Amino acid sequence: MESPPKEPEASSSSSATMTASDSTHSNLPAHSAQVAYRDLVIFEERLRGNMTRLLRRKRKFEALLCGLLVTLAYFFYAVFVDPSKIFFIHLLNTAALLAASGSLVFFYRSGMYSEKIVYASEFVPHCNRALQFFNLQFQRHGSTGELNFYRKIPKSFQEGFEAYRKRYYARKRARQAKLKAA
């Protein structure tokens with residue numbers, strides 16, 4: 001571990017992070033706190049939307065991968081285990097086997113597997129590695145996610161955010177209900 005600097009140094013990231021020693025967050029003016037809460041709720045919605053979009057894309061590409069594997073297995077069986085007696089059908093099965101094999105190789109070698117499937121699984125841990133410097137954590141609950149604070153954040157700020165979040169989503173549900181009724 002490094003020893004702390006002898007003199008306090010100005011740091012560009014110190015203004016962005018929230019710590020327990022930073023007492024200004026518990027004494028924020030009401031308007032500043034509301035702006036911070038609103039920004040956090042919008043940020044949370046953006047993270048949730050990205051997570052949902054990535055998971056939907058992951059399911060789509062997993063279905064494509066499963067389809068390729070089933071196709072590959074079928075044509076492998078049709079060519080090697082039970083080949084057709086008709087030469088033209090056997091030739092078509094062989095061509096389809098080569099096409100399915102090539103597609104599977106392309107799927108992995110082009111990076112589609114890691115980009116579309118693996119990255120979606122790593123989204124929440126990736127977010128949390130980036131958010132830990134801000135004493136935030138993005139937790140996934142089923143198909144949704146929400147921001148949570150580390151204990152370093154003053155309890156009053158956390159409670160204010162929770163209250164703001166509830167009011168925000170109540171207003172949003174009311175607007176959506178009003179639009180449906182119209």
# chains A, B, ... in the order shown; residues from 1 in each chain; ligands from 1
>>> residues_around(residues="A:Leu131", least_positions_apart="5", cutoff="10 Å", atoms="only C-alpha atoms", output="NGL selection string")
:A and (17 or 125-126 or 136-138 or 147 or 149)
>>> write_last_selection(atoms="N, CA and C atoms", output="mmCIF file, in the first residue's frame")
data_model
loop_
_atom_site.group_PDB
_atom_site.id
_atom_site.type_symbol
_atom_site.label_atom_id
_atom_site.label_comp_id
_atom_site.auth_asym_id
_atom_site.auth_seq_id
_atom_site.Cartn_x
_atom_site.Cartn_y
_atom_site.Cartn_z
ATOM 1 N N THR A 17 -16.141 11.614 -7.067
ATOM 2 C CA THR A 17 -16.442 10.509 -6.170
ATOM 3 C C THR A 17 -17.145 11.003 -4.933
ATOM 4 N N PRO A 125 -20.772 -7.058 -14.290
ATOM 5 C CA PRO A 125 -19.464 -6.959 -13.633
ATOM 6 C C PRO A 125 -18.604 -5.834 -14.210
ATOM 7 N N HIS A 126 -18.694 -5.614 -15.516
ATOM 8 C CA HIS A 126 -17.947 -4.526 -16.149
ATOM 9 C C HIS A 126 -18.422 -3.172 -15.618
ATOM 10 N N LEU A 136 -20.653 3.267 -6.172
ATOM 11 C CA LEU A 136 -21.941 2.782 -6.670
ATOM 12 C C LEU A 136 -21.794 1.340 -7.127
ATOM 13 N N GLN A 137 -22.918 0.659 -7.167
ATOM 14 C CA GLN A 137 -22.951 -0.717 -7.640
ATOM 15 C C GLN A 137 -24.245 -0.913 -8.394
ATOM 16 N N PHE A 138 -24.155 -1.575 -9.551
ATOM 17 C CA PHE A 138 -25.333 -1.887 -10.353
ATOM 18 C C PHE A 138 -25.654 -3.346 -10.109
ATOM 19 N N LEU A 147 -29.284 0.794 -9.206
ATOM 20 C CA LEU A 147 -28.071 1.311 -8.587
ATOM 21 C C LEU A 147 -28.188 1.199 -7.077
ATOM 22 N N PHE A 149 -25.750 1.994 -3.400
ATOM 23 C CA PHE A 149 -24.600 2.732 -2.900
ATOM 24 C C PHE A 149 -23.785 1.864 -1.964
#
>>> select_by_dssp(residues="stretch 11-114 of chain A", states="alpha helix (DSSP H)", output="JSON, numbers by chain")
{"A": [30, 31, 32, 33, 34, 35, 36, 37, 38, 39, 40, 41, 42, 43, 44, 45, 46, 47, 48, 49, 50, 51, 52, 53, 54, 55, 56, 57, 58, 59, 60, 61, 62, 63, 64, 65, 66, 67, 68, 69, 70, 71, 72, 73, 74, 75, 76, 87, 88, 89, 90, 91, 92, 93, 94, 95, 96, 97, 98, 99, 100, 101, 102, 103, 104, 105, 106, 107, 108, 109, 112]}
>>> residues_around(residues="A:Ala78", least_positions_apart="2", cutoff="12 Å", atoms="only C-alpha atoms", output="PDB file with N, CA and C atoms, in the first residue's frame")
ATOM      1  N   THR A  71     -28.171 -27.730 -37.036  1.00  0.00           N
ATOM      2  CA  THR A  71     -28.004 -27.937 -38.480  1.00  0.00           C
ATOM      3  C   THR A  71     -26.742 -28.729 -38.768  1.00  0.00           C
ATOM      4  N   LEU A  72     -25.673 -28.371 -38.087  1.00  0.00           N
ATOM      5  CA  LEU A  72     -24.406 -29.076 -38.263  1.00  0.00           C
ATOM      6  C   LEU A  72     -24.540 -30.545 -37.867  1.00  0.00           C
ATOM      7  N   ALA A  73     -25.190 -30.798 -36.753  1.00  0.00           N
ATOM      8  CA  ALA A  73     -25.377 -32.176 -36.297  1.00  0.00           C
ATOM      9  C   ALA A  73     -26.227 -32.969 -37.297  1.00  0.00           C
ATOM     10  N   TYR A  74     -27.306 -32.355 -37.799  1.00  0.00           N
ATOM     11  CA  TYR A  74     -28.175 -33.058 -38.752  1.00  0.00           C
ATOM     12  C   TYR A  74     -27.407 -33.424 -40.025  1.00  0.00           C
ATOM     13  N   PHE A  75     -26.697 -32.443 -40.598  1.00  0.00           N
ATOM     14  CA  PHE A  75     -25.993 -32.719 -41.851  1.00  0.00           C
ATOM     15  C   PHE A  75     -24.784 -33.628 -41.645  1.00  0.00           C
ATOM     16  N   PHE A  76     -24.174 -33.608 -40.468  1.00  0.00           N
ATOM     17  CA  PHE A  76     -23.115 -34.569 -40.169  1.00  0.00           C
ATOM     18  C   PHE A  76     -23.694 -35.982 -40.186  1.00  0.00           C
ATOM     19  N   PHE A  80     -22.345 -38.613 -42.950  1.00  0.00           N
ATOM     20  CA  PHE A  80     -21.419 -39.650 -42.495  1.00  0.00           C
ATOM     21  C   PHE A  80     -22.097 -40.884 -41.888  1.00  0.00           C
ATOM     22  N   VAL A  81     -23.185 -40.710 -41.165  1.00  0.00           N
ATOM     23  CA  VAL A  81     -23.807 -41.841 -40.486  1.00  0.00           C
ATOM     24  C   VAL A  81     -24.785 -42.570 -41.404  1.00  0.00           C
ATOM     25  N   ASP A  82     -25.665 -41.824 -42.034  1.00  0.00           N
ATOM     26  CA  ASP A  82     -26.686 -42.423 -42.905  1.00  0.00           C
ATOM     27  C   ASP A  82     -26.705 -41.672 -44.237  1.00  0.00           C
ATOM     28  N   PRO A  83     -25.690 -41.871 -45.080  1.00  0.00           N
ATOM     29  CA  PRO A  83     -25.648 -41.140 -46.357  1.00  0.00           C
ATOM     30  C   PRO A  83     -26.751 -41.595 -47.306  1.00  0.00           C
ATOM     31  N   SER A  84     -27.215 -40.672 -48.080  1.00  0.00           N
ATOM     32  CA  SER A  84     -28.279 -40.960 -49.042  1.00  0.00           C
ATOM     33  C   SER A  84     -27.721 -41.801 -50.192  1.00  0.00           C
ATOM     34  N   LYS A  85     -28.576 -42.674 -50.732  1.00  0.00           N
ATOM     35  CA  LYS A  85     -28.181 -43.522 -51.863  1.00  0.00           C
ATOM     36  C   LYS A  85     -28.177 -42.721 -53.166  1.00  0.00           C
ATOM     37  N   ILE A  86     -28.931 -41.643 -53.160  1.00  0.00           N
ATOM     38  CA  ILE A  86     -29.003 -40.788 -54.352  1.00  0.00           C
ATOM     39  C   ILE A  86     -27.828 -39.822 -54.288  1.00  0.00           C
ATOM     40  N   ILE A  89     -28.585 -35.929 -53.737  1.00  0.00           N
ATOM     41  CA  ILE A  89     -29.003 -35.618 -52.359  1.00  0.00           C
ATOM     42  C   ILE A  89     -27.785 -35.653 -51.438  1.00  0.00           C
ATOM     43  N   HIS A  90     -26.923 -36.640 -51.625  1.00  0.00           N
ATOM     44  CA  HIS A  90     -25.699 -36.731 -50.824  1.00  0.00           C
ATOM     45  C   HIS A  90     -24.812 -35.501 -51.068  1.00  0.00           C
ATOM     46  N   LEU A  91     -24.748 -35.068 -52.305  1.00  0.00           N
ATOM     47  CA  LEU A  91     -23.960 -33.877 -52.642  1.00  0.00           C
ATOM     48  C   LEU A  91     -24.537 -32.626 -51.983  1.00  0.00           C
ATOM     49  N   LEU A  92     -25.867 -32.499 -52.002  1.00  0.00           N
ATOM     50  CA  LEU A  92     -26.520 -31.358 -51.337  1.00  0.00           C
ATOM     51  C   LEU A  92     -26.272 -31.391 -49.819  1.00  0.00           C
ATOM     52  N   ASN A  93     -26.367 -32.561 -49.223  1.00  0.00           N
ATOM     53  CA  ASN A  93     -26.110 -32.692 -47.782  1.00  0.00           C
ATOM     54  C   ASN A  93     -24.662 -32.322 -47.445  1.00  0.00           C
ATOM     55  N   THR A  94     -23.735 -32.734 -48.290  1.00  0.00           N
ATOM     56  CA  THR A  94     -22.322 -32.406 -48.070  1.00  0.00           C
ATOM     57  C   THR A  94     -22.098 -30.903 -48.193  1.00  0.00           C
ATOM     58  N   ALA A  95     -22.694 -30.279 -49.196  1.00  0.00           N
ATOM     59  CA  ALA A  95     -22.563 -28.830 -49.366  1.00  0.00           C
ATOM     60  C   ALA A  95     -23.177 -28.089 -48.172  1.00  0.00           C
ATOM     61  N   ALA A  96     -24.307 -28.564 -47.699  1.00  0.00           N
ATOM     62  CA  ALA A  96     -24.954 -27.936 -46.539  1.00  0.00           C
ATOM     63  C   ALA A  96     -24.102 -28.119 -45.283  1.00  0.00           C
ATOM     64  N   LEU A  97     -23.469 -29.283 -45.141  1.00  0.00           N
ATOM     65  CA  LEU A  97     -22.567 -29.523 -44.010  1.00  0.00           C
ATOM     66  C   LEU A  97     -21.389 -28.562 -44.048  1.00  0.00           C
TER      67      LEU A  97
END
>>> closest_residue(among="A:Ser103, A:Ser110, A:Asn148, A:Ser143", to="A:Leu69", atoms="only C-alpha atoms")
A:Ser103
>>> select_by_dssp(residues="stretch 11-164 of chain A", states="strand (DSSP E or B)", output="PyMOL selection string")
chain A and resi 136-141+144-149
>>> write_last_selection(atoms="N, CA, C and O atoms", output="PDB file, in the first residue's frame")
ATOM      1  N   LEU A 136     -20.653   3.267  -6.172  1.00  0.00           N
ATOM      2  CA  LEU A 136     -21.941   2.782  -6.670  1.00  0.00           C
ATOM      3  C   LEU A 136     -21.794   1.340  -7.127  1.00  0.00           C
ATOM      4  O   LEU A 136     -20.696   0.891  -7.457  1.00  0.00           O
ATOM      5  N   GLN A 137     -22.918   0.659  -7.167  1.00  0.00           N
ATOM      6  CA  GLN A 137     -22.951  -0.717  -7.640  1.00  0.00           C
ATOM      7  C   GLN A 137     -24.245  -0.913  -8.394  1.00  0.00           C
ATOM      8  O   GLN A 137     -25.307  -0.469  -7.963  1.00  0.00           O
ATOM      9  N   PHE A 138     -24.155  -1.575  -9.551  1.00  0.00           N
ATOM     10  CA  PHE A 138     -25.333  -1.887 -10.353  1.00  0.00           C
ATOM     11  C   PHE A 138     -25.654  -3.346 -10.109  1.00  0.00           C
ATOM     12  O   PHE A 138     -24.865  -4.226 -10.437  1.00  0.00           O
ATOM     13  N   GLN A 139     -26.815  -3.608  -9.496  1.00  0.00           N
ATOM     14  CA  GLN A 139     -27.192  -4.978  -9.184  1.00  0.00           C
ATOM     15  C   GLN A 139     -28.337  -5.403 -10.076  1.00  0.00           C
ATOM     16  O   GLN A 139     -29.302  -4.662 -10.270  1.00  0.00           O
ATOM     17  N   ARG A 140     -28.215  -6.623 -10.579  1.00  0.00           N
ATOM     18  CA  ARG A 140     -29.249  -7.175 -11.446  1.00  0.00           C
ATOM     19  C   ARG A 140     -30.225  -7.968 -10.598  1.00  0.00           C
ATOM     20  O   ARG A 140     -29.839  -8.825  -9.807  1.00  0.00           O
ATOM     21  N   HIS A 141     -31.507  -7.676 -10.769  1.00  0.00           N
ATOM     22  CA  HIS A 141     -32.583  -8.403 -10.093  1.00  0.00           C
ATOM     23  C   HIS A 141     -33.499  -8.947 -11.174  1.00  0.00           C
ATOM     24  O   HIS A 141     -34.381  -8.243 -11.658  1.00  0.00           O
ATOM     25  N   THR A 144     -34.371  -6.857 -14.397  1.00  0.00           N
ATOM     26  CA  THR A 144     -34.160  -5.438 -14.140  1.00  0.00           C
ATOM     27  C   THR A 144     -32.864  -5.250 -13.357  1.00  0.00           C
ATOM     28  O   THR A 144     -32.248  -6.197 -12.908  1.00  0.00           O
ATOM     29  N   GLY A 145     -32.479  -3.989 -13.208  1.00  0.00           N
ATOM     30  CA  GLY A 145     -31.286  -3.675 -12.440  1.00  0.00           C
ATOM     31  C   GLY A 145     -31.471  -2.361 -11.734  1.00  0.00           C
ATOM     32  O   GLY A 145     -32.303  -1.551 -12.143  1.00  0.00           O
ATOM     33  N   GLU A 146     -30.705  -2.155 -10.688  1.00  0.00           N
ATOM     34  CA  GLU A 146     -30.805  -0.884  -9.975  1.00  0.00           C
ATOM     35  C   GLU A 146     -29.460  -0.516  -9.382  1.00  0.00           C
ATOM     36  O   GLU A 146     -28.615  -1.374  -9.124  1.00  0.00           O
ATOM     37  N   LEU A 147     -29.284   0.794  -9.206  1.00  0.00           N
ATOM     38  CA  LEU A 147     -28.071   1.311  -8.587  1.00  0.00           C
ATOM     39  C   LEU A 147     -28.188   1.199  -7.077  1.00  0.00           C
ATOM     40  O   LEU A 147     -29.233   1.494  -6.508  1.00  0.00           O
ATOM     41  N   ASN A 148     -27.118   0.790  -6.459  1.00  0.00           N
ATOM     42  CA  ASN A 148     -27.026   0.763  -5.004  1.00  0.00           C
ATOM     43  C   ASN A 148     -25.751   1.477  -4.602  1.00  0.00           C
ATOM     44  O   ASN A 148     -24.788   1.539  -5.367  1.00  0.00           O
ATOM     45  N   PHE A 149     -25.750   1.994  -3.400  1.00  0.00           N
ATOM     46  CA  PHE A 149     -24.600   2.732  -2.900  1.00  0.00           C
ATOM     47  C   PHE A 149     -23.785   1.864  -1.964  1.00  0.00           C
ATOM     48  O   PHE A 149     -24.318   1.013  -1.264  1.00  0.00           O
TER      49      PHE A 149
END
>>> atom_distance(atom1="atom CA of A:Phe88", atom2="atom CA of A:Val70")
22.3 Å
>>> residues_around(residues="A:Val35", least_positions_apart="5", cutoff="12 Å", atoms="only C-alpha atoms", output="list in words")
Leu28, Pro29, Ala30, Leu40, Val41, Ile42, Gly160, Phe161 and Tyr164 of chain A
>>> write_last_selection(atoms="N, CA, C and O atoms", output="CSV table (one decimal), in the first residue's frame")
chain,number,residue,atom,x,y,z
A,28,LEU,N,-26.2,19.0,1.0
A,28,LEU,CA,-26.5,19.6,-0.3
A,28,LEU,C,-27.8,20.4,-0.2
A,28,LEU,O,-28.7,20.0,0.5
A,29,PRO,N,-27.8,21.6,-0.9
A,29,PRO,CA,-29.0,22.3,-1.0
A,29,PRO,C,-30.1,21.4,-1.7
A,29,PRO,O,-29.7,20.5,-2.4
A,30,ALA,N,-31.3,21.7,-1.4
A,30,ALA,CA,-32.4,20.8,-1.9
A,30,ALA,C,-32.4,20.7,-3.4
A,30,ALA,O,-32.6,19.6,-3.9
A,40,LEU,N,-28.9,10.5,-11.3
A,40,LEU,CA,-28.7,9.1,-11.0
A,40,LEU,C,-29.8,8.2,-11.5
A,40,LEU,O,-29.5,7.1,-11.9
A,41,VAL,N,-31.0,8.6,-11.4
A,41,VAL,CA,-32.2,7.8,-11.9
A,41,VAL,C,-32.1,7.7,-13.4
A,41,VAL,O,-32.3,6.6,-13.9
A,42,ILE,N,-31.7,8.8,-14.1
A,42,ILE,CA,-31.6,8.7,-15.6
A,42,ILE,C,-30.4,7.7,-15.9
A,42,ILE,O,-30.5,6.9,-16.8
A,160,GLY,N,-32.6,9.8,0.5
A,160,GLY,CA,-33.1,10.8,-0.4
A,160,GLY,C,-33.3,10.3,-1.8
A,160,GLY,O,-34.3,10.5,-2.5
A,161,PHE,N,-32.2,9.6,-2.2
A,161,PHE,CA,-32.3,9.0,-3.6
A,161,PHE,C,-33.4,8.0,-3.7
A,161,PHE,O,-34.1,7.9,-4.7
A,164,TYR,N,-36.6,9.8,-3.9
A,164,TYR,CA,-36.8,10.4,-5.2
A,164,TYR,C,-37.1,9.3,-6.3
A,164,TYR,O,-37.9,9.6,-7.2
>>> atom_distance(atom1="atom CA of A:Gly49", atom2="atom CA of A:Leu179")
21.2 Å
>>> atom_distance(atom1="atom CA of A:Leu68", atom2="atom CA of A:Met112")
13.5 Å
>>> closest_residue(among="A:Ala177, A:Ala182, A:Leu47, A:Ile117", to="A:Arg59", atoms="only C-alpha atoms")
A:Ile117
>>> closest_residue(among="A:Gln132, A:Arg173, A:Ser114, A:Ser101", to="A:Lys152", atoms="only C-alpha atoms")
A:Gln132
>>> residues_around(residues="A:Phe123", least_positions_apart="2", cutoff="10 Å", atoms="only C-alpha atoms", output="list of chain:residue names")
A:Leu47, A:Asn50, A:Met51, A:Leu54, A:Leu55, A:Val118, A:Tyr119, A:Ala120, A:Ser121, A:Pro125, A:His126, A:Cys127, A:Asn128, A:Phe138
